[in-house]
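So this block is model30.cif, mmCIF, C-alpha atoms and all ligand atoms:
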data_query
loop_
_atom_site.label_atom_id
_atom_site.label_comp_id
_atom_site.auth_asym_id
_atom_site.auth_seq_id
_atom_site.Cartn_x
_atom_site.Cartn_y
_atom_site.Cartn_z
CA MET A 1 -46.51 -58.55 -34.60
CA ASN A 2 -43.57 -57.42 -32.52
CA LYS A 3 -42.93 -54.97 -29.76
CA HIS A 4 -42.87 -51.99 -32.08
CA TYR A 5 -46.57 -52.49 -32.72
CA ARG A 6 -47.84 -53.42 -29.30
CA GLU A 7 -46.72 -53.62 -25.74
CA CYS A 8 -44.93 -56.69 -24.50
CA ILE A 9 -47.24 -59.40 -23.13
CA TYR A 10 -46.23 -60.39 -19.60
CA LEU A 11 -46.51 -64.13 -18.96
CA ASP A 12 -44.09 -64.46 -16.06
CA PHE A 13 -46.22 -63.92 -12.96
CA ALA A 14 -44.36 -66.67 -11.09
CA ALA A 15 -41.20 -64.52 -11.28
CA THR A 16 -42.97 -61.50 -9.89
CA THR A 17 -46.27 -59.62 -10.05
CA PRO A 18 -47.06 -55.92 -10.46
CA VAL A 19 -48.06 -54.16 -7.25
CA ASP A 20 -51.83 -53.76 -7.02
CA PRO A 21 -52.73 -50.03 -7.23
CA GLN A 22 -54.77 -50.35 -4.00
CA VAL A 23 -51.63 -51.67 -2.33
CA VAL A 24 -49.59 -48.69 -3.57
CA ASP A 25 -52.22 -46.30 -2.16
CA THR A 26 -52.12 -48.07 1.19
CA MET A 27 -48.32 -47.80 1.33
CA LEU A 28 -47.83 -44.16 0.32
CA PRO A 29 -48.62 -42.35 3.62
CA TYR A 30 -46.01 -44.46 5.42
CA PHE A 31 -43.09 -43.09 3.42
CA ASN A 32 -43.21 -39.46 4.54
CA LYS A 33 -46.31 -38.80 6.65
CA SER A 34 -46.52 -41.64 9.16
CA PHE A 35 -42.82 -42.32 8.76
CA GLY A 36 -41.90 -43.09 12.38
CA ASN A 37 -39.79 -45.91 13.73
CA PRO A 38 -42.09 -48.29 15.61
CA SER A 39 -39.41 -48.72 18.27
CA SER A 40 -39.60 -45.01 19.20
CA VAL A 41 -41.58 -43.97 22.27
CA HIS A 42 -43.13 -40.77 20.87
CA TYR A 43 -46.24 -40.10 18.80
CA TYR A 44 -44.57 -40.92 15.46
CA GLY A 45 -43.31 -44.19 16.82
CA GLN A 46 -46.71 -45.10 18.17
CA GLN A 47 -48.33 -44.36 14.83
CA ALA A 48 -45.85 -46.68 13.09
CA GLU A 49 -46.27 -49.33 15.74
CA ASN A 50 -50.03 -49.26 15.31
CA ALA A 51 -49.63 -49.74 11.56
CA LEU A 52 -47.16 -52.58 12.16
CA GLU A 53 -49.41 -54.39 14.61
CA ASP A 54 -52.49 -53.89 12.44
CA ALA A 55 -50.63 -55.48 9.53
CA ARG A 56 -49.50 -58.31 11.76
CA SER A 57 -52.98 -59.10 13.03
CA GLN A 58 -54.42 -58.83 9.51
CA ILE A 59 -51.95 -61.45 8.26
CA ALA A 60 -52.47 -63.59 11.38
CA GLY A 61 -56.19 -63.54 10.64
CA ILE A 62 -55.59 -64.84 7.12
CA LEU A 63 -53.23 -67.58 8.32
CA GLU A 64 -55.55 -68.29 11.29
CA CYS A 65 -52.76 -68.02 13.80
CA GLU A 66 -51.80 -65.63 16.59
CA SER A 67 -50.23 -62.26 15.87
CA LYS A 68 -47.09 -63.17 17.79
CA GLU A 69 -46.53 -66.07 15.38
CA ILE A 70 -46.08 -63.67 12.42
CA ILE A 71 -42.48 -62.51 11.79
CA PHE A 72 -41.72 -59.89 9.18
CA THR A 73 -38.63 -60.42 7.02
CA SER A 74 -37.07 -58.81 3.94
CA CYS A 75 -38.23 -61.45 1.42
CA GLY A 76 -39.25 -65.05 0.85
CA SER A 77 -35.61 -66.08 0.65
CA GLU A 78 -34.89 -64.62 4.08
CA SER A 79 -37.94 -66.38 5.53
CA ASN A 80 -36.62 -69.68 4.17
CA ASN A 81 -33.15 -68.95 5.57
CA LEU A 82 -34.50 -68.08 9.01
CA ALA A 83 -36.69 -71.19 9.08
CA LEU A 84 -34.05 -73.70 8.05
CA ARG A 85 -30.95 -72.23 9.63
CA GLY A 86 -32.71 -70.86 12.71
CA VAL A 87 -34.37 -74.18 13.56
CA ALA A 88 -31.41 -76.41 12.60
CA PHE A 89 -29.02 -74.59 14.95
CA LYS A 90 -31.47 -74.36 17.84
CA VAL A 91 -32.63 -77.97 17.70
CA ARG A 92 -29.06 -79.23 17.52
CA GLU A 93 -28.19 -77.13 20.56
CA GLN A 94 -31.17 -78.59 22.45
CA ASN A 95 -30.86 -82.29 21.65
CA LYS A 96 -27.92 -82.84 19.26
CA SER A 97 -30.23 -83.61 16.30
CA ASN A 98 -28.10 -83.19 13.22
CA HIS A 99 -30.18 -84.47 10.31
CA ILE A 100 -31.98 -82.22 7.83
CA ILE A 101 -34.47 -83.34 5.16
CA VAL A 102 -35.44 -81.24 2.14
CA SER A 103 -36.95 -82.27 -1.18
CA SER A 104 -35.15 -82.34 -4.52
CA VAL A 105 -37.51 -79.71 -5.94
CA GLU A 106 -36.92 -76.90 -3.45
CA HIS A 107 -36.26 -73.29 -4.41
CA HIS A 108 -32.59 -72.25 -4.26
CA ALA A 109 -33.28 -70.34 -1.04
CA ILE A 110 -33.85 -73.71 0.66
CA ILE A 111 -31.46 -75.98 -1.21
CA GLN A 112 -28.46 -73.63 -0.99
CA THR A 113 -29.13 -72.96 2.68
CA ALA A 114 -29.34 -76.70 3.33
CA LYS A 115 -26.11 -77.30 1.42
CA GLN A 116 -24.33 -74.61 3.41
CA LEU A 117 -25.55 -76.16 6.67
CA GLN A 118 -24.08 -79.43 5.43
CA ALA A 119 -20.78 -78.08 4.10
CA GLN A 120 -19.98 -75.41 6.71
CA HIS A 121 -21.77 -76.58 9.83
CA GLY A 122 -21.61 -80.36 9.78
CA PHE A 123 -25.30 -81.14 9.37
CA GLU A 124 -26.27 -84.33 7.60
CA LEU A 125 -28.42 -83.46 4.60
CA GLU A 126 -30.90 -85.84 3.02
CA ILE A 127 -32.58 -84.84 -0.24
CA LEU A 128 -35.91 -86.56 -0.87
CA PRO A 129 -36.63 -87.92 -4.34
CA VAL A 130 -39.88 -86.98 -6.11
CA ASP A 131 -42.08 -88.80 -8.61
CA LYS A 132 -42.20 -87.87 -12.30
CA PHE A 133 -44.64 -85.03 -11.55
CA GLY A 134 -42.46 -83.54 -8.82
CA THR A 135 -44.66 -84.75 -5.97
CA ILE A 136 -43.20 -85.79 -2.64
CA ASN A 137 -44.67 -89.08 -1.52
CA THR A 138 -45.76 -89.38 2.14
CA ALA A 139 -44.30 -92.91 2.41
CA THR A 140 -40.92 -91.66 1.17
CA LEU A 141 -40.86 -89.01 3.86
CA GLN A 142 -42.08 -91.45 6.51
CA ALA A 143 -39.20 -93.82 5.73
CA ARG A 144 -36.50 -91.14 5.95
CA ILE A 145 -37.43 -89.43 9.21
CA ARG A 146 -35.07 -90.40 12.01
CA PRO A 147 -35.00 -89.75 15.75
CA ASP A 148 -32.24 -87.19 15.10
CA THR A 149 -34.07 -85.30 12.32
CA ALA A 150 -33.98 -81.61 13.24
CA ILE A 151 -36.22 -80.19 10.51
CA VAL A 152 -38.02 -81.17 7.32
CA SER A 153 -38.65 -78.54 4.64
CA ILE A 154 -40.91 -79.23 1.66
CA ILE A 155 -42.16 -76.75 -0.91
CA TYR A 156 -45.94 -76.15 -1.02
CA ALA A 157 -46.21 -75.38 -4.74
CA ASN A 158 -43.25 -75.47 -7.06
CA ASN A 159 -42.17 -72.33 -8.91
CA GLU A 160 -40.74 -74.14 -11.95
CA ILE A 161 -43.30 -76.87 -12.55
CA GLY A 162 -46.36 -75.70 -10.59
CA THR A 163 -46.87 -79.02 -8.78
CA ILE A 164 -48.72 -78.78 -5.46
CA ASN A 165 -47.72 -80.97 -2.52
CA SER A 166 -50.07 -82.37 0.14
CA ILE A 167 -48.50 -80.27 2.84
CA SER A 168 -51.07 -81.10 5.52
CA GLU A 169 -50.36 -84.84 5.13
CA LEU A 170 -46.58 -84.48 4.94
CA ALA A 171 -46.55 -82.15 7.94
CA LYS A 172 -48.82 -84.50 9.88
CA ILE A 173 -46.22 -87.27 9.58
CA CYS A 174 -43.64 -84.95 11.09
CA GLN A 175 -46.01 -83.77 13.79
CA GLU A 176 -46.64 -87.38 14.86
CA ARG A 177 -42.90 -88.00 15.08
CA GLY A 178 -42.18 -84.74 16.91
CA VAL A 179 -40.15 -83.36 13.99
CA ILE A 180 -40.36 -79.70 13.00
CA PHE A 181 -41.85 -79.01 9.57
CA HIS A 182 -41.39 -75.95 7.35
CA THR A 183 -43.01 -75.20 4.02
CA ASP A 184 -41.96 -72.68 1.40
CA ALA A 185 -45.38 -71.27 0.46
CA VAL A 186 -43.99 -68.33 -1.52
CA GLN A 187 -45.48 -69.52 -4.80
CA ALA A 188 -48.64 -70.92 -3.18
CA GLY A 189 -49.71 -67.83 -1.24
CA THR A 190 -51.78 -66.29 -4.01
CA TYR A 191 -53.88 -69.37 -4.76
CA LEU A 192 -53.89 -72.02 -2.03
CA ASP A 193 -55.14 -72.56 1.50
CA LEU A 194 -52.86 -70.81 3.99
CA HIS A 195 -54.58 -71.86 7.22
CA THR A 196 -51.67 -72.95 9.36
CA SER A 197 -53.71 -75.28 11.58
CA PHE A 198 -55.13 -77.12 8.56
CA LEU A 199 -51.63 -77.38 7.09
CA ASN A 200 -50.13 -78.72 10.38
CA VAL A 201 -46.95 -76.73 9.73
CA ASP A 202 -44.60 -75.27 12.31
CA LEU A 203 -43.16 -72.70 9.91
CA LEU A 204 -44.37 -71.22 6.62
CA SER A 205 -42.68 -68.68 4.30
CA LEU A 206 -44.35 -66.03 2.15
CA GLY A 207 -42.98 -63.27 -0.08
CA ALA A 208 -45.14 -60.26 -0.95
CA HIS A 209 -44.03 -59.70 -4.55
CA LYS A 210 -45.52 -63.01 -5.64
CA PHE A 211 -49.00 -61.89 -4.54
CA TYR A 212 -49.21 -58.38 -6.01
CA GLY A 213 -47.39 -56.77 -3.10
CA PRO A 214 -44.02 -54.98 -3.10
CA LYS A 215 -40.64 -56.68 -3.56
CA GLY A 216 -38.33 -56.88 -0.59
CA VAL A 217 -40.72 -57.94 2.17
CA GLY A 218 -41.82 -61.32 3.43
CA VAL A 219 -43.35 -63.26 6.29
CA LEU A 220 -42.30 -66.25 8.30
CA PHE A 221 -45.01 -67.92 10.36
CA ILE A 222 -43.37 -69.50 13.42
CA ARG A 223 -45.72 -71.59 15.55
CA SER A 224 -45.43 -70.64 19.22
CA GLY A 225 -42.83 -72.71 21.01
CA THR A 226 -40.89 -73.70 17.87
CA PRO A 227 -37.16 -73.63 18.64
CA VAL A 228 -35.53 -70.94 16.45
CA ILE A 229 -32.47 -68.74 16.82
CA PRO A 230 -32.33 -65.42 14.96
CA ILE A 231 -30.01 -65.31 11.96
CA LEU A 232 -30.09 -61.51 11.75
CA THR A 233 -28.98 -60.35 15.19
CA GLY A 234 -29.18 -56.86 16.64
CA GLY A 235 -32.14 -55.09 18.22
CA GLY A 236 -35.01 -57.03 19.70
CA GLN A 237 -37.47 -56.44 16.88
CA GLU A 238 -39.88 -59.17 15.82
CA PHE A 239 -39.94 -60.84 19.25
CA GLY A 240 -36.17 -61.23 19.01
CA PHE A 241 -36.38 -63.39 15.89
CA ARG A 242 -35.30 -60.74 13.36
CA ALA A 243 -33.38 -57.55 14.12
CA GLY A 244 -33.63 -54.43 11.98
CA THR A 245 -35.91 -51.40 11.79
CA HIS A 246 -39.24 -52.37 10.29
CA ASN A 247 -39.99 -51.46 6.70
CA ILE A 248 -43.43 -50.13 7.59
CA PRO A 249 -44.68 -49.08 4.11
CA TYR A 250 -43.80 -52.49 2.69
CA ILE A 251 -45.20 -54.41 5.65
CA VAL A 252 -48.46 -52.45 5.44
CA GLY A 253 -48.53 -53.03 1.67
CA MET A 254 -47.92 -56.75 2.10
CA ALA A 255 -50.82 -57.09 4.54
CA LYS A 256 -53.11 -55.26 2.12
CA ALA A 257 -51.94 -57.39 -0.82
CA LEU A 258 -52.42 -60.65 1.07
CA SER A 259 -55.92 -59.67 2.16
CA LEU A 260 -56.80 -58.77 -1.45
CA VAL A 261 -55.67 -62.14 -2.84
CA SER A 262 -57.24 -64.04 0.05
CA SER A 263 -60.80 -63.07 -0.82
CA ASP A 264 -62.65 -64.78 -3.72
CA LYS A 265 -59.74 -67.18 -4.22
CA THR A 266 -61.84 -69.99 -5.69
CA GLU A 267 -63.49 -67.76 -8.26
CA ARG A 268 -60.20 -66.18 -9.34
CA ASN A 269 -58.48 -69.55 -9.53
CA LEU A 270 -61.23 -70.85 -11.85
CA LYS A 271 -60.77 -67.92 -14.21
CA LEU A 272 -57.00 -68.46 -14.31
CA GLU A 273 -57.42 -72.20 -14.82
CA TYR A 274 -59.75 -71.64 -17.75
CA LEU A 275 -57.11 -69.59 -19.60
CA ARG A 276 -54.20 -71.72 -18.43
CA ASN A 277 -55.87 -74.93 -19.66
CA GLN A 278 -56.09 -73.42 -23.14
CA ILE A 279 -52.32 -72.92 -23.10
CA ILE A 280 -51.63 -76.50 -22.05
CA GLU A 281 -54.08 -78.09 -24.50
CA ASN A 282 -53.05 -75.87 -27.38
CA VAL A 283 -49.30 -76.37 -26.94
CA LEU A 284 -49.51 -80.15 -26.53
CA THR A 285 -51.81 -80.44 -29.56
CA ASN A 286 -50.10 -78.03 -31.93
CA ILE A 287 -46.43 -78.40 -31.14
CA PRO A 288 -44.90 -81.80 -31.88
CA GLY A 289 -42.23 -82.94 -29.41
CA SER A 290 -43.71 -80.92 -26.55
CA TYR A 291 -44.27 -82.26 -23.05
CA LEU A 292 -45.94 -80.82 -19.98
CA THR A 293 -43.67 -80.69 -16.90
CA GLY A 294 -45.13 -81.04 -13.43
CA HIS A 295 -48.47 -82.48 -12.46
CA PRO A 296 -51.20 -82.44 -15.16
CA THR A 297 -53.98 -81.38 -12.78
CA ASN A 298 -52.64 -80.89 -9.27
CA ARG A 299 -50.76 -77.71 -10.17
CA LEU A 300 -51.02 -73.96 -9.58
CA PRO A 301 -54.00 -72.53 -11.50
CA ASN A 302 -51.91 -69.92 -13.36
CA HIS A 303 -49.02 -72.20 -14.24
CA ALA A 304 -48.10 -73.99 -17.50
CA SER A 305 -44.63 -75.44 -18.04
CA PHE A 306 -43.17 -77.47 -20.87
CA VAL A 307 -40.07 -78.98 -22.38
CA PHE A 308 -39.56 -79.09 -26.15
CA GLU A 309 -37.42 -81.52 -28.08
CA ASN A 310 -34.54 -79.98 -30.03
CA VAL A 311 -35.04 -76.49 -28.70
CA ASN A 312 -32.57 -74.39 -26.74
CA GLY A 313 -34.58 -72.82 -23.91
CA ASN A 314 -32.46 -69.67 -23.72
CA GLU A 315 -32.77 -69.07 -27.47
CA LEU A 316 -36.50 -69.61 -27.13
CA LEU A 317 -36.76 -66.99 -24.38
CA THR A 318 -34.73 -64.51 -26.42
CA MET A 319 -36.84 -65.09 -29.51
CA LEU A 320 -40.04 -64.72 -27.49
CA ASP A 321 -38.74 -61.49 -25.99
CA ILE A 322 -37.96 -60.08 -29.44
CA GLN A 323 -41.50 -60.92 -30.49
CA GLY A 324 -42.88 -59.23 -27.38
CA PHE A 325 -43.55 -62.09 -24.96
CA ALA A 326 -42.06 -62.13 -21.46
CA CYS A 327 -41.77 -65.78 -20.36
CA SER A 328 -39.29 -67.81 -18.36
CA SER A 329 -37.39 -71.08 -18.58
CA GLY A 330 -38.47 -71.97 -15.04
CA SER A 331 -36.72 -70.23 -12.22
CA ALA A 332 -36.00 -66.51 -12.53
CA CYS A 333 -32.80 -67.11 -10.60
CA LYS A 334 -31.49 -69.47 -13.26
CA THR A 335 -32.05 -67.56 -16.49
CA GLY A 336 -28.94 -67.35 -18.58
CA SER A 337 -27.45 -70.45 -17.03
CA PRO A 338 -26.53 -73.18 -19.53
CA THR A 339 -26.94 -76.08 -17.10
CA PRO A 340 -30.28 -77.87 -17.00
CA SER A 341 -32.62 -77.19 -14.09
CA GLU A 342 -32.08 -79.49 -11.10
CA VAL A 343 -35.83 -79.59 -10.59
CA LEU A 344 -36.44 -80.93 -14.11
CA LEU A 345 -33.62 -83.46 -13.70
CA ALA A 346 -35.19 -84.59 -10.40
CA LEU A 347 -38.35 -85.52 -12.37
CA GLY A 348 -36.25 -87.86 -14.50
CA ILE A 349 -36.29 -85.62 -17.59
CA PRO A 350 -33.12 -86.17 -19.66
CA ALA A 351 -30.64 -83.26 -19.49
CA GLU A 352 -30.87 -82.58 -23.22
CA LEU A 353 -34.66 -82.23 -23.09
CA ALA A 354 -34.54 -80.26 -19.83
CA LEU A 355 -32.55 -77.54 -21.62
CA GLY A 356 -35.60 -76.85 -23.79
CA SER A 357 -37.87 -75.66 -21.00
CA LEU A 358 -40.49 -72.93 -21.04
CA ARG A 359 -42.67 -71.62 -18.21
CA ILE A 360 -45.77 -69.55 -18.87
CA THR A 361 -47.46 -68.11 -15.80
CA ILE A 362 -50.48 -65.87 -16.14
CA GLY A 363 -51.91 -63.20 -13.83
CA PHE A 364 -55.21 -61.70 -12.75
CA ASN A 365 -55.16 -59.24 -15.64
CA THR A 366 -54.12 -61.66 -18.38
CA THR A 367 -56.71 -61.53 -21.16
CA GLN A 368 -58.06 -64.05 -23.64
CA GLN A 369 -56.65 -61.86 -26.41
CA GLU A 370 -53.14 -62.03 -24.95
CA ILE A 371 -53.36 -65.82 -24.75
CA ASP A 372 -54.62 -65.98 -28.35
CA ILE A 373 -51.76 -63.82 -29.65
CA PHE A 374 -49.22 -65.92 -27.75
CA LEU A 375 -50.62 -69.28 -28.86
CA ASP A 376 -50.71 -68.03 -32.41
CA ALA A 377 -47.02 -67.09 -32.35
CA LEU A 378 -45.45 -69.94 -30.37
CA PRO A 379 -45.57 -72.84 -32.89
CA THR A 380 -43.85 -70.75 -35.59
CA ILE A 381 -41.13 -69.63 -33.19
CA ILE A 382 -40.45 -73.22 -32.11
CA LYS A 383 -40.37 -74.39 -35.72
CA ARG A 384 -37.90 -71.68 -36.66
CA LEU A 385 -35.60 -72.50 -33.73
CA ARG A 386 -35.54 -76.17 -34.68
CA LYS A 387 -34.20 -75.47 -38.16
C1 LIG A 401 -39.79 -66.34 -5.43
C2 LIG A 401 -39.62 -67.54 -4.54
C3 LIG A 401 -38.79 -67.51 -3.42
C4 LIG A 401 -37.94 -66.31 -3.08
O1 LIG A 401 -38.72 -65.22 -2.65
P1 LIG A 401 -38.08 -63.75 -2.73
O2 LIG A 401 -39.08 -62.90 -2.01
O3 LIG A 401 -37.94 -63.42 -4.17
O4 LIG A 401 -36.78 -63.82 -2.01
C5 LIG A 401 -38.72 -68.62 -2.62
N1 LIG A 401 -39.42 -69.73 -2.90
C6 LIG A 401 -40.25 -69.80 -3.97
C7 LIG A 401 -41.02 -71.05 -4.22
C8 LIG A 401 -40.36 -68.71 -4.83
O5 LIG A 401 -41.16 -68.80 -5.90
#

Starting from the file, lay out its structure as C-alpha cells.
Amino acid sequence: MNKHYRECIYLDFAATTPVDPQVVDTMLPYFNKSFGNPSSVHYYGQQAENALEDARSQIAGILECESKEIIFTSCGSESNNLALRGVAFKVREQNKSNHIIVSSVEHHAIIQTAKQLQAQHGFELEILPVDKFGTINTATLQARIRPDTAIVSIIYANNEIGTINSISELAKICQERGVIFHTDAVQAGTYLDLHTSFLNVDLLSLGAHKFYGPKGVGVLFIRSGTPVIPILTGGGQEFGFRAGTHNIPYIVGMAKALSLVSSDKTERNLKLEYLRNQIIENVLTNIPGSYLTGHPTNRLPNHASFVFENVNGNELLTMLDIQGFACSSGSACKTGSPTPSEVLLALGIPAELALGSLRITIGFNTTQQEIDIFLDALPTIIKRLRK
C-alpha cells in the first residue's frame, strides 16, 4: 500500500497534534466577534479581558495554582526562554549567583538558551549527565548544586526518548537548598500530573500544540515571589512578565484544550499504552538489530523510540513517508540534520547507531488498524534499506 491508495498515517504526535474540533469552535468567536484588546477600557476590551481571565483561571485550576501565577506566552520555546533567562538574570542581580544547571537531555529551547547565557553573558553552565535510559539521578543533582546556583532546569518527559523524570523529587532537592527549579513540561502536559504543588516546581512550561490546542501559544507557570525579569519588554501585560497584545483566540483555545486533556487522563493513557506496547514488542521481536531508546516502562504512554543497526535514519523517514507513514527521527527541530542526536549520545549510544533512530508517537485517534498496517510494513522497509 502507498499513499495513492490510502491517506498517510500520522505517527508523529510528539511533533505536534491536530487541534481538537471543540477547541476550534471555542476559538472562532474571538477572531471577529469578541475581537477586542483586553487592555482597552471599553466594552470590547472588557469582553476580551473576561475571556483572558477565564482562560487564566481555568488553567490555574488545572495546575492547582493561583491565576496570577499563570503567564501566557507565544509557545513552549518562549516559556523556556523566559524561565531560564528571566530567572538567571534576576537572581544574579540579587545575589551574584552565576551558576546554571540543565540536563544533557533538554529540548533545544533550553540547551541553546543555556549556552547563550554561558557564551554571551558569562554564566557558568553545568550539564548534568543521565543514565542509559535518559533519567536524571537525584544524587547527581544533589552533588552539583552550589551556593551560587541560580537555577536548575530539568525536562519532565523527553520528546525524543519519552523518558519521564521524577520532577517532584528533583525539585524538592532544589527547594531544600533554596535554588529555583524549572521544568519543561511541554511534552508531559497531555499525559502526566501537572499539579504544581505536588511537583514542587517554581516554574513550569507548556505549549498548546502538543495537547491538541493551537500552535503559537504557551504557558509559563511562575510561582509567586520567584525572581524573574521579562525578556519581552514593552507594555505591562501579563503582570509585567511578558509584553505584547494577548492572542485571545489562541489563549482561549489553549485553556479549552488543556481542560479536555486533563479529564480522564488515566483511562486515555491506558488506551495509548496498550497500542504503544504492541509497537515496542513487535519491533523488538521482528526486527533484528533494533533497540528501544529511553526508559522501557517509565516513559510517555504514546511514545516508542528505537535505533536500528545499519540504517540511515533520514533514509528511513523518507522511505516511510513514501509508503504513507509520518514518523520522526526524534526531534522535529533536527530532521534533515546529518549529525547524531545529542540526546541519544548522552545515553551512551554510539554515534553510528544513533544515526539510525526512529520515533513513533501515537495520538488519541490512532487506531489498531493503523498500528497493524505500520507494523506490517516496517520490517520490509528496514530490510530493504540495509541492502
Ligand atoms: C515541542 C517542545 C518544545 C517547544 O515548544 P513550541 O511550542 O513548539 O515552541 C519545548 N520542549 C519540549 C519538550 C517540546 O516537546

Query raised in the report: Hey, what's within 9 Å of Ile287 of chain A if we count all atoms listed in the file and toss same-chain stuff fewer than 2 positions away? As an MDAnalysis selection string, please?
Result: chainID A and resid 282:285 289:290 308 378:379 382:383

Requested in this report: Go through the chains and note each residue within 7 Å of ligand LIG 401 (chain A), using all atoms listed in the file, then give the set as a ChimeraX atom specification.
Outcome: /A:14-15,75-78,107,109,155,157-159,184-187,207-210,215-218

Query raised in the report: Which residue gives the smallest distance to Cys65 of chain A among A:Glu309, A:Asp202, A:Glu267, A:Asp372, with all atoms listed in the file counted?
Result: A:Asp202

Report summary line: As a check of understanding: the span from atom CA of Leu272 of chain A to atom CA of Gln368 of chain A is 10.4 Å

Requested in this report: Using atom CA of Val91 of chain A and atom CA of Gln237 of chain A as the two end points, give the distance in Å to one decimal.
Outcome: 22.1 Å

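Atom to atom, atom CA of Ile151 of chain A and atom CA of Ser97 of chain A stand 9.0 Å apart.
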
**Report entry** Nearest residue to Ala48 of chain A from the set A:Asn302, A:Ser197, A:Ile173, A:Pro29 (distances using all atoms listed in the file)
**Finding:**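 Closest candidate: A:Pro29.
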
Requested in this report: Compare A:Phe133, A:Tyr191, A:Phe123, A:Phe239 by their minimum atom-to-atom distance to Glu160 of chain A, counting all atoms listed in the file, and give me the closest one.
Outcome: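 Checking each of A:Phe133, A:Tyr191, A:Phe123, A:Phe239 against Glu160 of chain A, counting all atoms listed in the file, the winner is A:Phe133.
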
Report task. Tell me which of A:His42, A:His303, A:His182, A:His295 sits closest to Glu273 of chain A, counting only C-alpha atoms. Result ->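 That would be A:His303, the residue with the smallest distance to Glu273 of chain A.
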
Query raised in the report: Which one is closest to Asn365 of chain A: A:Gly240, A:Thr113, A:Lys271, A:Ser103? Count all atoms listed in the file.
Result: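 Checking each of A:Gly240, A:Thr113, A:Lys271, A:Ser103 against Asn365 of chain A, counting all atoms listed in the file, the winner is A:Lys271.
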
Requested in this report: Determine the nearest neighbour of Pro147 of chain A from the options A:Asn98, A:Asn314, A:Ser104, A:Ser341, counting only C-alpha atoms.
Outcome: A:Asn98

Query raised in the report: Can you tell me, as a PyMOL selection string, what residues are no more than 10 Å from segment 322-332 of chain A when counting only C-alpha atoms, ignoring any on the same chain fewer than 6 positions away?
Result: chain A and resi 1-16+107-108+158-162+305-307+313-314+316+340-341+343-344+354-362+370+373-374+377-378+381

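Within 7 Å of the point (-39.3, -59.4, 8.8), and counting all atoms listed in the file, the protein, DNA and RNA residues are Ile71, Phe72, Thr73, Ser74, Val217, Gly218, Val219 and Arg242 of chain A.
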
Requested in this report: Excluding Gly134 of chain A and residues on its chain fewer than 3 positions from it, collect all residues at most 6 Å away from it, counting all atoms listed in the file, and give them as a PyMOL selection string.
Outcome: chain A and resi 130-131+294+347

With C-alpha atoms retained, export the selected residues as a short mmCIF file (atom, residue, chain, number, x, y, z; two decimals), in the frame of the given file.
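That gives us result_31.cif:
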data_model
loop_
_atom_site.label_atom_id
_atom_site.label_comp_id
_atom_site.auth_asym_id
_atom_site.auth_seq_id
_atom_site.Cartn_x
_atom_site.Cartn_y
_atom_site.Cartn_z
CA VAL A 130 -39.88 -86.98 -6.11
CA ASP A 131 -42.08 -88.80 -8.61
CA GLY A 294 -45.13 -81.04 -13.43
CA LEU A 347 -38.35 -85.52 -12.37
#

Around (-45.8, -52.8, 16.3) in the file's frame, which residues reach within 12 Å when counting all atoms listed in the file? Return as an mmCIF file with C-alpha atoms, keeping the file's coordinate frame?
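Generated file (selection02.cif):
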data_model
loop_
_atom_site.group_PDB
_atom_site.id
_atom_site.type_symbol
_atom_site.label_atom_id
_atom_site.label_comp_id
_atom_site.auth_asym_id
_atom_site.auth_seq_id
_atom_site.Cartn_x
_atom_site.Cartn_y
_atom_site.Cartn_z
ATOM 1 C CA GLY A 36 -41.900 -43.090 12.380
ATOM 2 C CA ASN A 37 -39.790 -45.910 13.730
ATOM 3 C CA PRO A 38 -42.090 -48.290 15.610
ATOM 4 C CA SER A 39 -39.410 -48.720 18.270
ATOM 5 C CA SER A 40 -39.600 -45.010 19.200
ATOM 6 C CA VAL A 41 -41.580 -43.970 22.270
ATOM 7 C CA TYR A 44 -44.570 -40.920 15.460
ATOM 8 C CA GLY A 45 -43.310 -44.190 16.820
ATOM 9 C CA GLN A 46 -46.710 -45.100 18.170
ATOM 10 C CA GLN A 47 -48.330 -44.360 14.830
ATOM 11 C CA ALA A 48 -45.850 -46.680 13.090
ATOM 12 C CA GLU A 49 -46.270 -49.330 15.740
ATOM 13 C CA ASN A 50 -50.030 -49.260 15.310
ATOM 14 C CA ALA A 51 -49.630 -49.740 11.560
ATOM 15 C CA LEU A 52 -47.160 -52.580 12.160
ATOM 16 C CA GLU A 53 -49.410 -54.390 14.610
ATOM 17 C CA ASP A 54 -52.490 -53.890 12.440
ATOM 18 C CA ALA A 55 -50.630 -55.480 9.530
ATOM 19 C CA ARG A 56 -49.500 -58.310 11.760
ATOM 20 C CA SER A 57 -52.980 -59.100 13.030
ATOM 21 C CA SER A 67 -50.230 -62.260 15.870
ATOM 22 C CA LYS A 68 -47.090 -63.170 17.790
ATOM 23 C CA ILE A 70 -46.080 -63.670 12.420
ATOM 24 C CA ILE A 71 -42.480 -62.510 11.790
ATOM 25 C CA PHE A 72 -41.720 -59.890 9.180
ATOM 26 C CA GLN A 237 -37.470 -56.440 16.880
ATOM 27 C CA GLU A 238 -39.880 -59.170 15.820
ATOM 28 C CA PHE A 239 -39.940 -60.840 19.250
ATOM 29 C CA THR A 245 -35.910 -51.400 11.790
ATOM 30 C CA HIS A 246 -39.240 -52.370 10.290
ATOM 31 C CA ASN A 247 -39.990 -51.460 6.700
ATOM 32 C CA ILE A 248 -43.430 -50.130 7.590
ATOM 33 C CA ILE A 251 -45.200 -54.410 5.650
ATOM 34 C CA VAL A 252 -48.460 -52.450 5.440
#
